[in-house]
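Okay, structure first, notes after.
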Amino acid sequence: MSDAQGQSWPAIVARDLVKEYKTAGGVLSSARQRGPAAVDGVSLTVARGETFGLIGPDGAGKTTLTRVLLGLLARTAGESRVFGYDSMTEPYAIRERVGYIAQRFALPADMTVMENLRFFADVQGVGRADQRRRIPELLEFAGLTKFTKLLAGRLSGGMKKKLALACSLIHEPQLVLLDEPTLGIDPVSRREFWSLLGNLRAEKGLTIFVCTPYMDEAERCNRVGLLYNGRLVTCDTPAVIKQAAPGHLLEFTPSDFVPAQRLVAGLAGVLELQTYGMMLHAFVDDPLARRPQIEAALTAQGIFCIGIREIEPRMEEAFISLITREARKGI
């Protein structure tokens with residue numbers, strides 16, 4: 001396929017995509033059979049220039065889907081393309097156009113920041129003239145200009161992530177695919193990393209596909225897909241997904257947590273109950289009617305209800321609600 005032909009394609013296309021693994025007995029196992037993490041009939045499209053977030057619990061199939069899209073794993077059925085290139089038959093054309101940070105991406109710890117950038121540039125076939133232009137730009141972009149001689153193993157967690165991002169950009173890809181890139185780093189470093197991603201999208205029109213366990217990061221995306229047991233449960237904007245939470249949300253802290261949890265869950269008009277630290281989140285049909293009802297029921301049992309108020313559901317509440325409903329379907 002020529003680049004001109006590829007321009008007519010979205011960044012990512014998956015149609016009825018399936019990835020099955022063989023069990024110890026040699027039998028194919030899919031997500032429906034509760035086997036190893038698999039992709040089970042996923043269809044999605046990611047537009048050029050979009051920031052797309054993929055969320056889901058551990059074992060949902062996020063990493064498997066990512067690797068199939070890149071051609072690192074063979075698909076069992078369906079279609080998977082990146083910029084129009086088939087994941088199975090044209091993986092090298094895809095890798096020329098994609099920057100990838102794997103979940104367990106490891107920089108050579110005994111190499112300096114500069115040596116790492118040169119190493120990954122050589123791996124990607126970037127010539128010396130282009131390296132002289134791109135490396136200083138990436139060092140400035142990632143805030144690493146003053147640390148070129150520091151060993152990668154001596155960098156903080158946040159700086160390692162920035163260096164990994166810079167290395168993934170050395171060949172000027174059109175798409176950056178990130179598998180839980182901020183896992184295990186502090187909130188300030190996460191915020192800085194996402195600021196870099198935002199700048200990339202704004203300045204270079206880059207497409208960003210990110211798997212993340214953090215709901216606040218998912219809210220930064222243009223669209224979010226929720227994967228569960230290998231299936232795409234929903235795919236929409238964060239605003240629409242948050243509307244999937246049932247009813248209205250009341251938040252409060254009971255003085256006696258476990259008895260309050262059991263009591264409130266059984267009250268009329270309580271559609272769903274979630275825990276949030278030592279607080280309870282009760283989804284109700286009518287907050288004006290149910291708030292005094294909850295307070296009265298708890299008071300009758302000698303339980304104080306502290307700071308009850310109505311709040312807007314966030315991605316986290318919507319995520320838990322959707323996963324809970326999907327889990328019940330499998331019972």
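Letters for chains follow the order of the structure tokens (A, B, ...), residue numbers begin at 1 for each chain, and ligand numbers begin at 1 in the order shown.
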Using DSSP assignments from the backbone, pull out every residue in region 61-294 of chain A that falls under alpha helix (DSSP H) and give it to me as a PyMOL selection string. chain A and resi 62-70+91-97+113-123+128-142+157-168+187-204+215-218+238-242+257-265+287-294
Return as CSV the residues of region 83-134 of chain A lying at most 12 Å from region 206-221 of chain A, together with the closest atom-to-atom pair for each and the distance in Å to one decimal, counting only C-alpha atoms, with rows in chain order and ascending residue number.
residue,atom,partner,partner_atom,distance
A:Phe83,CA,A:Thr207,CA,10.7
A:Arg97,CA,A:Leu206,CA,10.7
A:Val98,CA,A:Thr207,CA,9.5
A:Gly99,CA,A:Ile208,CA,9.6
A:Tyr100,CA,A:Phe209,CA,9.6
A:Ile101,CA,A:Val210,CA,9.6
A:Ala102,CA,A:Cys211,CA,10.0
A:Gln103,CA,A:Cys211,CA,9.0
What would the file look like if the residues just selected were written as a CSV table (one decimal), in the first residue's frame with N, CA, C and O atoms?
chain,number,residue,atom,x,y,z
A,83,PHE,N,-3.3,2.6,10.0
A,83,PHE,CA,-3.2,3.5,8.8
A,83,PHE,C,-3.4,2.7,7.6
A,83,PHE,O,-2.7,2.9,6.6
A,97,ARG,N,5.7,3.7,11.5
A,97,ARG,CA,4.7,4.8,11.7
A,97,ARG,C,4.2,4.9,13.1
A,97,ARG,O,3.4,5.8,13.4
A,98,VAL,N,4.7,4.0,13.9
A,98,VAL,CA,4.1,3.9,15.3
A,98,VAL,C,5.3,3.9,16.3
A,98,VAL,O,6.3,3.3,16.2
A,99,GLY,N,5.1,4.7,17.4
A,99,GLY,CA,5.9,4.7,18.6
A,99,GLY,C,5.2,3.9,19.6
A,99,GLY,O,4.0,4.1,19.9
A,100,TYR,N,5.9,3.0,20.3
A,100,TYR,CA,5.3,2.0,21.2
A,100,TYR,C,6.0,2.0,22.5
A,100,TYR,O,7.3,1.8,22.5
A,101,ILE,N,5.3,2.2,23.6
A,101,ILE,CA,5.9,2.0,25.0
A,101,ILE,C,5.1,0.8,25.6
A,101,ILE,O,3.9,0.9,25.9
A,102,ALA,N,5.8,-0.3,25.7
A,102,ALA,CA,5.1,-1.5,26.3
A,102,ALA,C,4.9,-1.3,27.8
A,102,ALA,O,5.5,-0.5,28.4
A,103,GLN,N,4.1,-2.1,28.4
A,103,GLN,CA,3.7,-2.1,29.8
A,103,GLN,C,5.0,-2.2,30.6
A,103,GLN,O,5.2,-1.6,31.7
Surrounding residues of Thr66 (chain A) excluding itself and chain neighbours under 4 positions, 8 Å, only C-alpha atoms, as a ChimeraX atom specification: /A:62,70,177,179
Residue among A:Glu272, A:Glu251, A:Asp16, A:Asp285 lying closest to Gly307 (chain A), counting only C-alpha atoms: A:Glu251
Computed interatomic separation between CA of Phe257 (chain A) and CA of Ala244 (chain A) (Å):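 Taking CA of Phe257 (chain A) as the start and CA of Ala244 (chain A) as the end point, the length is 26.6 Å.
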9 Å contact set for Gln274 (chain A), only C-alpha atoms, chain neighbours under 5 positions out, as a ChimeraX atom specification: /A:261,279-283,317,320-321
Okay, now the selection with C-alpha atoms, as a compact mmCIF listing (two decimals), in the first residue's frame?
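Dumped to result_7.txt:
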# COMPACT_ATOMS: atom_id res chain seq x y z
CA GLN A 261 -23.46 -0.67 53.83
CA MET A 279 -17.47 6.69 52.18
CA LEU A 280 -20.50 5.12 50.56
CA HIS A 281 -21.74 6.12 47.12
CA ALA A 282 -25.45 5.38 46.71
CA PHE A 283 -27.07 5.68 43.29
CA GLU A 317 -18.19 5.38 39.36
CA ILE A 320 -17.41 0.28 38.41
CA SER A 321 -21.10 0.34 37.52
Just list the residues in region 18-168 of chain A DSSP gives strand (DSSP E) on the backbone, as an MDAnalysis selection string. chainID A and resid 18:19 21:22 28:29 39:46 51:55 77:82 85:86 98:101
Selection near Val126 (chain A), 12 Å with only C-alpha atoms, sequence-local residues under 5 positions removed, as a PyMOL selection string: chain A and resi 96+117-121+131-135+167+169-173
